[in-house]
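Asks: Sharing a structure, written as structure tokens. Questions coming.
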Amino acid sequence: MELIERAGFLASLQSKFEYLGSGEGHCVLLGGEAGIGKTSLVKAFCKTQNGTCRIYTGTCDALFTPRPLAPLYDIAWQLKSNLFQGSVDIADRSALFTKFLQELSDPEQETIVVFEDIHWADEATIDFIKFLARRIIHTRCFFILTYRDNEIGLRHPLRNILGHLPPDSFTRLQLTPLSPQAVDAMAVARGYSGEDVYSITGGNPFYVNEILASYSPGIPDNIKDSILSVYNSLDERTKHIWQTVSVFPAGFEIKYLEKMEPGYSGAIENCLALKVLIPRDGIMFFKHELYRRAIEDSLSPMLRARLNKRILGLFRGDFEQSQQIERIIHHAKHANEYELVVHYAPLAARQAMSAGCHIQAASLYLSAIEYYQGNDKAVLIELYEAYSYECYLTNQIKEAIAYQQKVLGLLEKSGDTEKTGNCMRFLSRLWWFDGNRKQAESFAQQAIDVLDTQPPSVSKAKALSNMSQLKMLSNEIEDCISWGEQAMAMALELNDNETYAHALNNVGTAQMGTRLSHEKGLTLLKQSLEICLKNAYHEHAARAFTNIGNMSLAMKNYAYAKLILEEGISYCEERDLDSWSAYMSSLNAQLKLETGSWDEALCIADSLLQNENQVTVIKIGALTVKGKIKMRRGNPESLQYLSKAKVLAFETMELQRIAPVLASLLEYEWITGKNIIEPDIIDRTLNILKNVDPAFENNELVFWMFKARKKKVQLKDTFEGYHAQNKKQIQNIAALWEGLGCAYEQALILFDGNDVDKRKAINIIQKLGADAVYQKMKTEMRTSGIKSIPRGIRESTRSNKAYLTTRELDILALLKEGLQNREIAGRLFISAKTVDHHISSILLKLNVNNRIKAVQEAINLEIIK
């Protein structure tokens, strides 16, 4: 079929494919609505490359619960590989992905890999997409992913993929509808009115072609009528085949179809002759998914239920034997077989959990809850508890609280003391995550009280460890260790490694927060992490990564913090531990801020804040990072972010949330000369500082308390970087900050030195783009009579809203011309690697993820014309 108005898209694919010539792979995300021509475009492109490289295609299925790794199975079959021999679970998934990567990586030959309809991808497939896309530049592989953009909601897992890929490793292409002129030319050739066809189809190529096709009589009012007009002209047996195949989103195996309808071989042949149903690899498909949907939607509820029930009756055993439980659930839902859904959904959920697919597990447990018609409290408790826990892991905290409250209501009536105490303990954890310290403490104490008279048990040990954790979070170190040691003793008595690892984490984190016991605490945390990784305690391993990263960041060990956070985020993303990956991302934003990568920090913070349901403890960190950067740059919006963070932080009643926000607000006062913090807030914070155990991370707050308010607070565990006793120490302390990579803090210390130090400080601030701080320093220097003050940001940089440098503006102009890195390097007489660094900076400053969008955003901001 001739492709109309697609030459530009084909050229784009070809230009990206040429990256492979230099040994650098690339990923293309091809988006558009159903019927827009994604598959046709990919086929046409692959046809042009046929014979010059290897080409493999896999497809995702539109099942209620997608078949895990469906595209990889398709490609394994094309590779004639035995990669899937044996079971595939979380233990060997990384090895499986690595084997696939090895199969697809051939340094001597280029490879095209196509995954179609990834909006239907299961979570394991999404993990593989992330795995390959992040390594794509190290292969000679061209990875094409097609998806329906209108089916990618805000919480769709693909959003996370798009936000985490290196900008230069992928390109997005958005297919557009045909123009009115193109549709008119096509319609006139068939004897139809182009204006009518365009008004009906909106230029969607599939709609246009189907309406103009010979088997579609006349011009119907809409596509569904067009398809049904063909359907209604068929004989009854052919109609029945269409009906049967329509209830199989992923196609219907021909062997099953022959078993289901043994006397319909003639009708099947008729379907194949019409070329509406097509066979592929032993499976019968509709030529277009929209055909299947149109036929399925036309079925009466009774007929749909009857067909699905018959499928279950005939093939349930086959599906179960081939471990396709998701197909049983799909057909059971449509057959109104509620008991089957309730029976199989938890089984599939547990399989998903073992594979680290926690979003899928949560969805399956919710299906079981929705379809359960009984009143058995034990069944409801089991389903509610499982669903609540999966919601907790996947960053749906309010939903987790709601269902755990239902569990508590049922348990209090049952009289089961141990389960009631355990439920209260988990509610304490959930309320803490939601930022409500009072509720967290209340339920923690209730759990202790309820279980106090009970014999040692796992639930009791968990309650003790939960209390230890709360004490650790509020810097009550001695109490944390006391509760933690009780929990560890009981866990060891019960041979409960999970609770032991949890309590070990609490005590280790508490000790790691001071320099005196830092190494001892780190040893305990590493021991906890080792236990968790060995026993696949996903949540507790994530928490260990988080706390090691957090405390390393607090202790200014940036290199180790960066390493552990990267490892932890990767671990959590592979297992859908969204709450923990988001938490560590907020810490990563803080790390980027402190080490001078402000644009990257701002991008991470913005990404976290886009989630309207983001949990409070994560939101506080993101708001603080965003507010602090905007404050230093002189953006008037900064105060609203910091003020919101302050309200949320004080609700947590935890100094580790309060201190960074208050330090930022005190810095705001120093920059602007305005006192904005209420006196009672200052007093409350000073009281908290006096009543908690010393923590190294509070040094920044103490520094700003003196710098902005001249209030001295003495800490037992002081950091010399914030305490220059005299001008002689300034050089040494500035060098300390420089060695840590903290240019902003280096400048602040230098500015308290002599005139030379001040000039060096303001020069550093200028390079950081901290315009508000630059203006403050310049004013103070002029007031004190200092001359030869370094100039501020160049006018060419200041005049554009994204603060692009002159070199970045030059490169942006060449991007607008469509030049690649090597061509830009040649024009500007710089290296391609330098160009790459500048482009990364441009993308970050414009908050986009590809070159095309960067050019468009720059035009919108009137940076370029």
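By order of appearance in the structure tokens: chains A, B, ..., then residues from 1 within every chain, and ligands from 1 in the order shown.
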For the structure I just gave you, how does DSSP split segment 3-36 of chain A - specifically, which residues are alpha helix (DSSP H)? Reply as a list of chain:residue names.
Replies: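 Listing alpha helix (DSSP H) positions across segment 3-36 of chain A yields A:Ala7, A:Gly8, A:Phe9, A:Leu10, A:Ala11, A:Ser12, A:Leu13, A:Gln14, A:Ser15, A:Lys16, A:Phe17.
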Asks: May I have the residues from that selection written out with all heavy atoms, as a PDB file, in the first residue's frame?
Replies:
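Done, and the output landed in out12.pdb:
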ATOM      1  N   ALA A   7       6.501  10.667   3.891  1.00  0.00           N
ATOM      2  CA  ALA A   7       7.904  10.714   3.463  1.00  0.00           C
ATOM      3  C   ALA A   7       8.797  11.341   4.538  1.00  0.00           C
ATOM      4  O   ALA A   7       9.915  10.880   4.786  1.00  0.00           O
ATOM      5  CB  ALA A   7       8.025  11.487   2.149  1.00  0.00           C
ATOM      6  N   GLY A   8       8.302  12.379   5.196  1.00  0.00           N
ATOM      7  CA  GLY A   8       9.084  13.042   6.231  1.00  0.00           C
ATOM      8  C   GLY A   8       9.373  12.140   7.412  1.00  0.00           C
ATOM      9  O   GLY A   8      10.482  12.140   7.962  1.00  0.00           O
ATOM     10  N   PHE A   9       8.372  11.338   7.793  1.00  0.00           N
ATOM     11  CA  PHE A   9       8.558  10.415   8.914  1.00  0.00           C
ATOM     12  C   PHE A   9       9.529   9.300   8.542  1.00  0.00           C
ATOM     13  O   PHE A   9      10.361   8.888   9.358  1.00  0.00           O
ATOM     14  CB  PHE A   9       7.214   9.825   9.351  1.00  0.00           C
ATOM     15  CG  PHE A   9       6.274  10.845   9.928  1.00  0.00           C
ATOM     16  CD1 PHE A   9       5.190  11.308   9.203  1.00  0.00           C
ATOM     17  CD2 PHE A   9       6.484  11.354  11.197  1.00  0.00           C
ATOM     18  CE1 PHE A   9       4.324  12.248   9.734  1.00  0.00           C
ATOM     19  CE2 PHE A   9       5.636  12.296  11.745  1.00  0.00           C
ATOM     20  CZ  PHE A   9       4.550  12.751  10.999  1.00  0.00           C
ATOM     21  N   LEU A  10       9.415   8.812   7.303  1.00  0.00           N
ATOM     22  CA  LEU A  10      10.369   7.792   6.841  1.00  0.00           C
ATOM     23  C   LEU A  10      11.791   8.350   6.842  1.00  0.00           C
ATOM     24  O   LEU A  10      12.748   7.669   7.243  1.00  0.00           O
ATOM     25  CB  LEU A  10       9.991   7.312   5.441  1.00  0.00           C
ATOM     26  CG  LEU A  10       8.926   6.219   5.340  1.00  0.00           C
ATOM     27  CD1 LEU A  10       8.532   5.991   3.890  1.00  0.00           C
ATOM     28  CD2 LEU A  10       9.427   4.923   5.966  1.00  0.00           C
ATOM     29  N   ALA A  11      11.931   9.596   6.422  1.00  0.00           N
ATOM     30  CA  ALA A  11      13.251  10.222   6.406  1.00  0.00           C
ATOM     31  C   ALA A  11      13.807  10.366   7.826  1.00  0.00           C
ATOM     32  O   ALA A  11      15.010  10.179   8.065  1.00  0.00           O
ATOM     33  CB  ALA A  11      13.175  11.589   5.733  1.00  0.00           C
ATOM     34  N   SER A  12      12.924  10.694   8.782  1.00  0.00           N
ATOM     35  CA  SER A  12      13.364  10.807  10.177  1.00  0.00           C
ATOM     36  C   SER A  12      13.854   9.471  10.703  1.00  0.00           C
ATOM     37  O   SER A  12      14.878   9.392  11.385  1.00  0.00           O
ATOM     38  CB  SER A  12      12.217  11.328  11.052  1.00  0.00           C
ATOM     39  OG  SER A  12      11.878  12.640  10.698  1.00  0.00           O
ATOM     40  N   LEU A  13      13.098   8.402  10.410  1.00  0.00           N
ATOM     41  CA  LEU A  13      13.524   7.077  10.836  1.00  0.00           C
ATOM     42  C   LEU A  13      14.877   6.723  10.222  1.00  0.00           C
ATOM     43  O   LEU A  13      15.761   6.183  10.891  1.00  0.00           O
ATOM     44  CB  LEU A  13      12.476   6.034  10.453  1.00  0.00           C
ATOM     45  CG  LEU A  13      11.185   6.002  11.275  1.00  0.00           C
ATOM     46  CD1 LEU A  13      10.188   5.031  10.659  1.00  0.00           C
ATOM     47  CD2 LEU A  13      11.467   5.605  12.719  1.00  0.00           C
ATOM     48  N   GLN A  14      15.036   7.054   8.934  1.00  0.00           N
ATOM     49  CA  GLN A  14      16.285   6.731   8.250  1.00  0.00           C
ATOM     50  C   GLN A  14      17.460   7.495   8.866  1.00  0.00           C
ATOM     51  O   GLN A  14      18.543   6.936   9.081  1.00  0.00           O
ATOM     52  CB  GLN A  14      16.170   7.064   6.759  1.00  0.00           C
ATOM     53  CG  GLN A  14      17.415   6.741   5.946  1.00  0.00           C
ATOM     54  CD  GLN A  14      17.766   5.255   5.972  1.00  0.00           C
ATOM     55  OE1 GLN A  14      16.882   4.418   5.927  1.00  0.00           O
ATOM     56  NE2 GLN A  14      19.055   4.950   6.055  1.00  0.00           N
ATOM     57  N   SER A  15      17.244   8.774   9.189  1.00  0.00           N
ATOM     58  CA  SER A  15      18.340   9.572   9.750  1.00  0.00           C
ATOM     59  C   SER A  15      18.754   9.054  11.126  1.00  0.00           C
ATOM     60  O   SER A  15      19.943   9.046  11.464  1.00  0.00           O
ATOM     61  CB  SER A  15      17.926  11.038   9.845  1.00  0.00           C
ATOM     62  OG  SER A  15      16.919  11.224  10.830  1.00  0.00           O
ATOM     63  N   LYS A  16      17.779   8.607  11.918  1.00  0.00           N
ATOM     64  CA  LYS A  16      18.112   8.048  13.232  1.00  0.00           C
ATOM     65  C   LYS A  16      18.779   6.680  13.092  1.00  0.00           C
ATOM     66  O   LYS A  16      19.656   6.324  13.873  1.00  0.00           O
ATOM     67  CB  LYS A  16      16.855   7.931  14.099  1.00  0.00           C
ATOM     68  CG  LYS A  16      16.114   9.245  14.312  1.00  0.00           C
ATOM     69  CD  LYS A  16      17.003  10.306  14.905  1.00  0.00           C
ATOM     70  CE  LYS A  16      16.292  11.640  15.031  1.00  0.00           C
ATOM     71  NZ  LYS A  16      17.194  12.715  15.495  1.00  0.00           N
ATOM     72  N   PHE A  17      18.336   5.922  12.075  1.00  0.00           N
ATOM     73  CA  PHE A  17      18.921   4.601  11.826  1.00  0.00           C
ATOM     74  C   PHE A  17      20.400   4.721  11.466  1.00  0.00           C
ATOM     75  O   PHE A  17      21.209   3.835  11.786  1.00  0.00           O
ATOM     76  CB  PHE A  17      18.151   3.901  10.709  1.00  0.00           C
ATOM     77  CG  PHE A  17      18.669   2.535  10.353  1.00  0.00           C
ATOM     78  CD1 PHE A  17      18.497   1.461  11.225  1.00  0.00           C
ATOM     79  CD2 PHE A  17      19.351   2.320   9.170  1.00  0.00           C
ATOM     80  CE1 PHE A  17      18.985   0.201  10.901  1.00  0.00           C
ATOM     81  CE2 PHE A  17      19.833   1.072   8.838  1.00  0.00           C
ATOM     82  CZ  PHE A  17      19.646   0.008   9.711  1.00  0.00           C
TER      83      PHE A  17
END
Asks: Please identify all polymer residues within 12 Å of Asn550 of chain A, counting only C-alpha atoms, omitting same-chain residues fewer than 4 positions from it, and present them as number ranges by chain.
Replies: A: 473, 509-510, 512-513, 522, 525, 543-546, 554-558, 560-565, 568, 583-591, 621, 656, 697
Asks: For the residues in that selection, give me N, CA, C and O atoms as a short mmCIF file (atom, residue, chain, number, x, y, z; two decimals), in the first residue's frame.
Replies:
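What follows is the written file out.cif:
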data_model
loop_
_atom_site.label_atom_id
_atom_site.label_comp_id
_atom_site.auth_asym_id
_atom_site.auth_seq_id
_atom_site.Cartn_x
_atom_site.Cartn_y
_atom_site.Cartn_z
N LEU A 473 13.23 8.16 63.04
CA LEU A 473 12.84 9.24 62.14
C LEU A 473 12.72 10.59 62.84
O LEU A 473 12.82 11.63 62.20
N THR A 509 20.58 3.09 60.83
CA THR A 509 20.33 4.45 60.34
C THR A 509 20.53 5.47 61.45
O THR A 509 21.13 6.54 61.23
N ALA A 510 20.03 5.17 62.65
CA ALA A 510 20.18 6.08 63.79
C ALA A 510 21.66 6.32 64.10
O ALA A 510 22.09 7.46 64.34
N MET A 512 24.20 5.87 62.05
CA MET A 512 24.94 6.41 60.90
C MET A 512 24.82 7.94 60.83
O MET A 512 25.60 8.60 60.14
N GLY A 513 23.87 8.52 61.57
CA GLY A 513 23.62 9.95 61.50
C GLY A 513 24.57 10.82 62.28
O GLY A 513 24.47 12.05 62.23
N LEU A 522 26.72 2.24 59.38
CA LEU A 522 26.80 1.80 57.98
C LEU A 522 26.98 0.30 57.90
O LEU A 522 26.38 -0.37 57.03
N LEU A 525 23.60 -1.29 58.48
CA LEU A 525 22.72 -1.09 57.32
C LEU A 525 23.11 -2.01 56.17
O LEU A 525 22.24 -2.58 55.49
N ARG A 543 14.19 0.05 51.35
CA ARG A 543 14.36 0.95 52.50
C ARG A 543 15.83 1.03 52.90
O ARG A 543 16.32 2.11 53.28
N ALA A 544 16.55 -0.07 52.81
CA ALA A 544 17.97 -0.07 53.15
C ALA A 544 18.75 0.80 52.17
O ALA A 544 19.60 1.61 52.56
N PHE A 545 18.47 0.63 50.87
CA PHE A 545 19.11 1.49 49.87
C PHE A 545 18.83 2.96 50.18
O PHE A 545 19.72 3.82 50.13
N THR A 546 17.56 3.26 50.50
CA THR A 546 17.14 4.64 50.76
C THR A 546 17.89 5.23 51.95
O THR A 546 18.42 6.35 51.88
N ALA A 554 23.55 13.10 53.85
CA ALA A 554 23.59 13.98 55.03
C ALA A 554 25.02 14.17 55.53
O ALA A 554 25.38 15.26 55.99
N MET A 555 25.83 13.12 55.41
CA MET A 555 27.21 13.19 55.90
C MET A 555 28.17 13.74 54.83
O MET A 555 29.38 13.69 54.99
N LYS A 556 27.63 14.23 53.73
CA LYS A 556 28.39 14.85 52.64
C LYS A 556 29.29 13.85 51.90
O LYS A 556 30.26 14.24 51.24
N ASN A 557 28.95 12.57 51.96
CA ASN A 557 29.69 11.56 51.19
C ASN A 557 28.97 11.40 49.85
O ASN A 557 28.25 10.43 49.61
N TYR A 558 29.15 12.41 49.00
CA TYR A 558 28.34 12.49 47.78
C TYR A 558 28.62 11.36 46.79
O TYR A 558 27.69 10.87 46.13
N TYR A 560 29.52 8.24 47.33
CA TYR A 560 28.88 6.99 47.74
C TYR A 560 27.36 7.13 47.70
O TYR A 560 26.66 6.19 47.32
N ALA A 561 26.85 8.31 48.06
CA ALA A 561 25.41 8.53 48.00
C ALA A 561 24.90 8.38 46.56
O ALA A 561 23.87 7.75 46.32
N LYS A 562 25.64 8.95 45.61
CA LYS A 562 25.26 8.84 44.20
C LYS A 562 25.23 7.39 43.75
O LYS A 562 24.28 6.94 43.10
N LEU A 563 26.26 6.64 44.13
CA LEU A 563 26.36 5.23 43.74
C LEU A 563 25.20 4.42 44.30
O LEU A 563 24.55 3.65 43.57
N ILE A 564 24.91 4.58 45.59
CA ILE A 564 23.89 3.75 46.24
C ILE A 564 22.50 4.15 45.78
O ILE A 564 21.61 3.30 45.64
N LEU A 565 22.27 5.44 45.52
CA LEU A 565 20.95 5.88 45.04
C LEU A 565 20.69 5.37 43.63
O LEU A 565 19.57 4.95 43.32
N GLY A 568 19.89 1.75 44.05
CA GLY A 568 18.59 1.58 44.70
C GLY A 568 17.43 1.93 43.79
O GLY A 568 16.42 1.21 43.75
N TYR A 583 10.99 8.19 46.42
CA TYR A 583 11.69 8.72 47.61
C TYR A 583 13.17 8.92 47.29
O TYR A 583 13.76 9.98 47.58
N MET A 584 13.78 7.90 46.69
CA MET A 584 15.20 8.03 46.37
C MET A 584 15.45 9.06 45.28
O MET A 584 16.50 9.72 45.25
N SER A 585 14.48 9.25 44.38
CA SER A 585 14.61 10.30 43.37
C SER A 585 14.62 11.68 44.02
O SER A 585 15.34 12.58 43.58
N SER A 586 13.81 11.85 45.07
CA SER A 586 13.82 13.13 45.77
C SER A 586 15.17 13.37 46.46
O SER A 586 15.67 14.49 46.49
N LEU A 587 15.77 12.29 46.98
CA LEU A 587 17.12 12.42 47.55
C LEU A 587 18.14 12.73 46.45
O LEU A 587 19.08 13.51 46.66
N ASN A 588 17.94 12.14 45.30
CA ASN A 588 18.84 12.40 44.18
C ASN A 588 18.75 13.86 43.74
O ASN A 588 19.76 14.47 43.36
N ALA A 589 17.55 14.42 43.79
CA ALA A 589 17.39 15.84 43.47
C ALA A 589 18.16 16.71 44.45
O ALA A 589 18.82 17.69 44.07
N GLN A 590 18.11 16.33 45.73
CA GLN A 590 18.85 17.06 46.76
C GLN A 590 20.36 16.95 46.51
O GLN A 590 21.10 17.93 46.64
N LEU A 591 20.81 15.76 46.14
CA LEU A 591 22.23 15.56 45.85
C LEU A 591 22.66 16.44 44.68
O LEU A 591 23.73 17.08 44.73
N GLY A 621 10.41 17.19 50.07
CA GLY A 621 11.76 17.29 49.51
C GLY A 621 11.77 17.94 48.15
O GLY A 621 12.62 18.79 47.85
N GLN A 656 13.99 16.12 60.46
CA GLN A 656 14.63 15.85 59.17
C GLN A 656 13.81 16.41 58.02
O GLN A 656 14.34 16.64 56.93
N GLU A 697 23.16 16.22 60.14
CA GLU A 697 22.46 16.91 59.07
C GLU A 697 21.85 18.24 59.49
O GLU A 697 21.42 19.03 58.65
#
Asks: What is the distance between atom CA of Arg292 of chain A and atom CA of Tyr231 of chain A, in Å to one decimal?
Replies: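 Separation between atom CA of Arg292 of chain A and atom CA of Tyr231 of chain A: 11.1 Å.
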Asks: Nearest residue to Thr59 of chain A out of A:Ile118, A:Leu41, A:Leu768, A:Ile325, using only C-alpha atoms?
Replies: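 Smallest separation from Thr59 of chain A among the options: A:Ile118.
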Asks: Show me, as a list in words, the residues that have an atom within 12 Å of Lys406 of chain A when counting only C-alpha atoms, minus same-chain residues fewer than 6 positions from it.
Replies: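 Contacts, with the query itself left out: Lys377, Leu380, Ile381, Glu382, Leu383, Tyr384, Glu385, Tyr387, Ser388, Glu399, Ala400, Glu412, Lys413, Thr420, Cys423, Met424 and Leu427 of chain A.
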Asks: Compile the contact shell of segment 720-736 of chain A as an MDAnalysis selection string: residues with an atom at most 10 Å away, counting only C-alpha atoms, same-chain residues fewer than 6 positions apart removed.
Replies: chainID A and resid 699:704 742:743 745:754 757 761
Asks: Take the residues from that selection and put them in a file with N, CA, C and O atoms, as a compact mmCIF listing (two decimals), in the first residue's frame.
Replies:
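As a result, result17.txt now contains:
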# COMPACT_ATOMS: atom_id res chain seq x y z
N ASN A 699 23.39 20.74 60.80
CA ASN A 699 24.39 21.83 60.74
C ASN A 699 23.97 22.94 59.79
O ASN A 699 24.23 24.11 60.06
N GLU A 700 23.35 22.60 58.67
CA GLU A 700 22.94 23.62 57.70
C GLU A 700 21.92 24.57 58.33
O GLU A 700 22.00 25.79 58.15
N LEU A 701 20.95 24.02 59.06
CA LEU A 701 19.94 24.85 59.71
C LEU A 701 20.60 25.80 60.72
O LEU A 701 20.27 26.99 60.78
N VAL A 702 21.53 25.27 61.50
CA VAL A 702 22.21 26.10 62.51
C VAL A 702 22.99 27.23 61.82
O VAL A 702 23.02 28.37 62.29
N PHE A 703 23.62 26.90 60.69
CA PHE A 703 24.38 27.90 59.92
C PHE A 703 23.49 29.06 59.50
O PHE A 703 23.82 30.24 59.68
N TRP A 704 22.31 28.73 58.90
CA TRP A 704 21.42 29.77 58.42
C TRP A 704 20.70 30.49 59.56
O TRP A 704 20.33 31.66 59.44
N CYS A 742 30.78 21.32 46.11
CA CYS A 742 29.68 22.20 46.52
C CYS A 742 30.07 23.65 46.26
O CYS A 742 30.52 24.37 47.18
N ALA A 743 29.92 24.10 45.03
CA ALA A 743 30.39 25.44 44.64
C ALA A 743 29.63 26.54 45.37
O ALA A 743 30.21 27.58 45.72
N GLU A 745 28.20 26.59 48.42
CA GLU A 745 28.67 26.72 49.79
C GLU A 745 30.09 27.29 49.83
O GLU A 745 30.43 28.08 50.71
N GLN A 746 30.91 26.90 48.85
CA GLN A 746 32.26 27.45 48.73
C GLN A 746 32.19 28.97 48.58
O GLN A 746 32.93 29.72 49.24
N ALA A 747 31.27 29.44 47.74
CA ALA A 747 31.12 30.87 47.51
C ALA A 747 30.64 31.60 48.76
O ALA A 747 31.12 32.70 49.07
N LEU A 748 29.70 30.99 49.48
CA LEU A 748 29.20 31.63 50.70
C LEU A 748 30.32 31.83 51.72
O LEU A 748 30.40 32.88 52.38
N ILE A 749 31.16 30.83 51.88
CA ILE A 749 32.26 30.94 52.83
C ILE A 749 33.28 31.99 52.36
O ILE A 749 33.75 32.83 53.14
N LEU A 750 33.63 31.95 51.08
CA LEU A 750 34.59 32.91 50.54
C LEU A 750 34.11 34.35 50.69
O LEU A 750 34.91 35.27 50.88
N PHE A 751 32.80 34.55 50.60
CA PHE A 751 32.28 35.91 50.66
C PHE A 751 32.49 36.56 52.03
O PHE A 751 32.40 37.77 52.18
N ASP A 752 32.79 35.75 53.03
CA ASP A 752 33.11 36.29 54.35
C ASP A 752 34.60 36.62 54.48
O ASP A 752 35.04 37.05 55.55
N GLY A 753 35.36 36.45 53.39
CA GLY A 753 36.79 36.70 53.43
C GLY A 753 37.16 38.10 53.00
O GLY A 753 36.37 39.04 53.08
N ASN A 754 38.37 38.23 52.46
CA ASN A 754 38.86 39.54 52.01
C ASN A 754 38.29 39.90 50.64
O ASN A 754 37.49 39.15 50.07
N ASP A 757 38.73 37.26 47.98
CA ASP A 757 37.81 36.14 48.22
C ASP A 757 36.40 36.49 47.75
O ASP A 757 35.70 35.66 47.17
N ALA A 761 34.10 34.67 45.08
CA ALA A 761 32.78 34.16 45.47
C ALA A 761 31.70 34.60 44.50
O ALA A 761 30.89 33.79 44.03
Asks: Give me, as an NGL selection string, all polymer residues having an atom no more than 12 Å from Ser607 of chain A, counting only C-alpha atoms and skipping those fewer than 5 positions away in the same chain.
Replies: :A and (154 or 159-160 or 162-164 or 582 or 585-586 or 589 or 600-602 or 612 or 614 or 618-619 or 622-623 or 626 or 847-848)
Asks: Let's have the selection written as a PDB file, in the first residue's frame, with C-alpha atoms.
Replies:
ATOM      1  CA  LEU A 154      -0.668  10.381  33.678  1.00  0.00           C
ATOM      2  CA  ARG A 159       5.433   7.915  31.588  1.00  0.00           C
ATOM      3  CA  ASN A 160       8.213   6.793  33.941  1.00  0.00           C
ATOM      4  CA  LEU A 162       9.982   8.453  28.955  1.00  0.00           C
ATOM      5  CA  GLY A 163      11.077  10.572  31.916  1.00  0.00           C
ATOM      6  CA  HIS A 164      14.154   8.486  32.777  1.00  0.00           C
ATOM      7  CA  ALA A 582      10.234   8.243  44.117  1.00  0.00           C
ATOM      8  CA  SER A 585      14.613  10.300  43.373  1.00  0.00           C
ATOM      9  CA  SER A 586      13.816  13.127  45.775  1.00  0.00           C
ATOM     10  CA  ALA A 589      17.386  15.844  43.468  1.00  0.00           C
ATOM     11  CA  GLU A 600      19.027  18.325  36.770  1.00  0.00           C
ATOM     12  CA  ALA A 601      17.770  18.768  40.335  1.00  0.00           C
ATOM     13  CA  LEU A 602      14.923  20.966  39.119  1.00  0.00           C
ATOM     14  CA  GLU A 612      -0.921  14.941  42.102  1.00  0.00           C
ATOM     15  CA  GLN A 614       2.559  12.208  45.542  1.00  0.00           C
ATOM     16  CA  ILE A 618       8.455  12.978  48.995  1.00  0.00           C
ATOM     17  CA  LYS A 619       6.565  16.150  48.136  1.00  0.00           C
ATOM     18  CA  ALA A 622      10.766  18.107  45.929  1.00  0.00           C
ATOM     19  CA  LEU A 623       9.124  21.408  46.907  1.00  0.00           C
ATOM     20  CA  LYS A 626      12.434  23.539  43.545  1.00  0.00           C
ATOM     21  CA  ASN A 847      12.601  21.055  30.390  1.00  0.00           C
ATOM     22  CA  VAL A 848      12.183  18.881  27.275  1.00  0.00           C
TER      23      VAL A 848
END
Asks: Near segment 30-40 of chain A, within 6 Å and counting only C-alpha atoms, which residues show up once chain neighbours fewer than 3 positions away are dropped, as a CSV table (one decimal) with N, CA and C atoms, in the first residue's frame?
Replies:
chain,number,residue,atom,x,y,z
A,43,LYS,N,6.5,-0.9,8.9
A,43,LYS,CA,6.7,-2.0,7.8
A,43,LYS,C,7.4,-1.4,6.6
A,145,LEU,N,9.5,1.5,19.1
A,145,LEU,CA,8.3,1.3,20.0
A,145,LEU,C,7.1,2.0,19.5
A,146,THR,N,6.0,1.3,19.2
A,146,THR,CA,4.8,2.0,18.8
A,146,THR,C,3.8,2.0,19.9
A,147,TYR,N,3.0,3.1,20.0
A,147,TYR,CA,2.0,3.2,21.1
A,147,TYR,C,1.0,4.2,20.7
A,148,ARG,N,-0.2,4.0,21.4
A,148,ARG,CA,-1.3,4.9,21.2
A,148,ARG,C,-1.2,6.0,22.3
A,149,ASP,N,-0.9,7.2,21.8
A,149,ASP,CA,-0.7,8.3,22.8
A,149,ASP,C,-1.9,8.6,23.6
A,173,LEU,N,8.5,10.4,17.7
A,173,LEU,CA,7.8,10.8,16.4
A,173,LEU,C,6.3,10.7,16.6
A,174,GLN,N,5.6,11.7,16.3
A,174,GLN,CA,4.2,11.7,16.5
A,174,GLN,C,3.5,11.8,15.1
A,175,LEU,N,2.8,10.7,14.7
A,175,LEU,CA,2.2,10.7,13.4
A,175,LEU,C,1.0,11.6,13.4
A,204,ASN,N,-7.9,10.3,9.6
A,204,ASN,CA,-7.2,9.0,10.1
A,204,ASN,C,-7.1,8.1,8.9
A,205,PRO,N,-5.9,7.7,8.6
A,205,PRO,CA,-5.6,6.8,7.4
A,205,PRO,C,-6.5,5.5,7.4
A,206,PHE,N,-6.6,4.9,8.5
A,206,PHE,CA,-7.3,3.6,8.6
A,206,PHE,C,-8.8,3.9,8.3
Asks: Would you mind telling me which residue in A:Glu574, A:Glu253, A:Glu808, A:Glu493 lies nearest to Phe319 of chain A when using only C-alpha atoms?
Replies: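 For Phe319 of chain A, the nearest of the given residues is A:Glu253.
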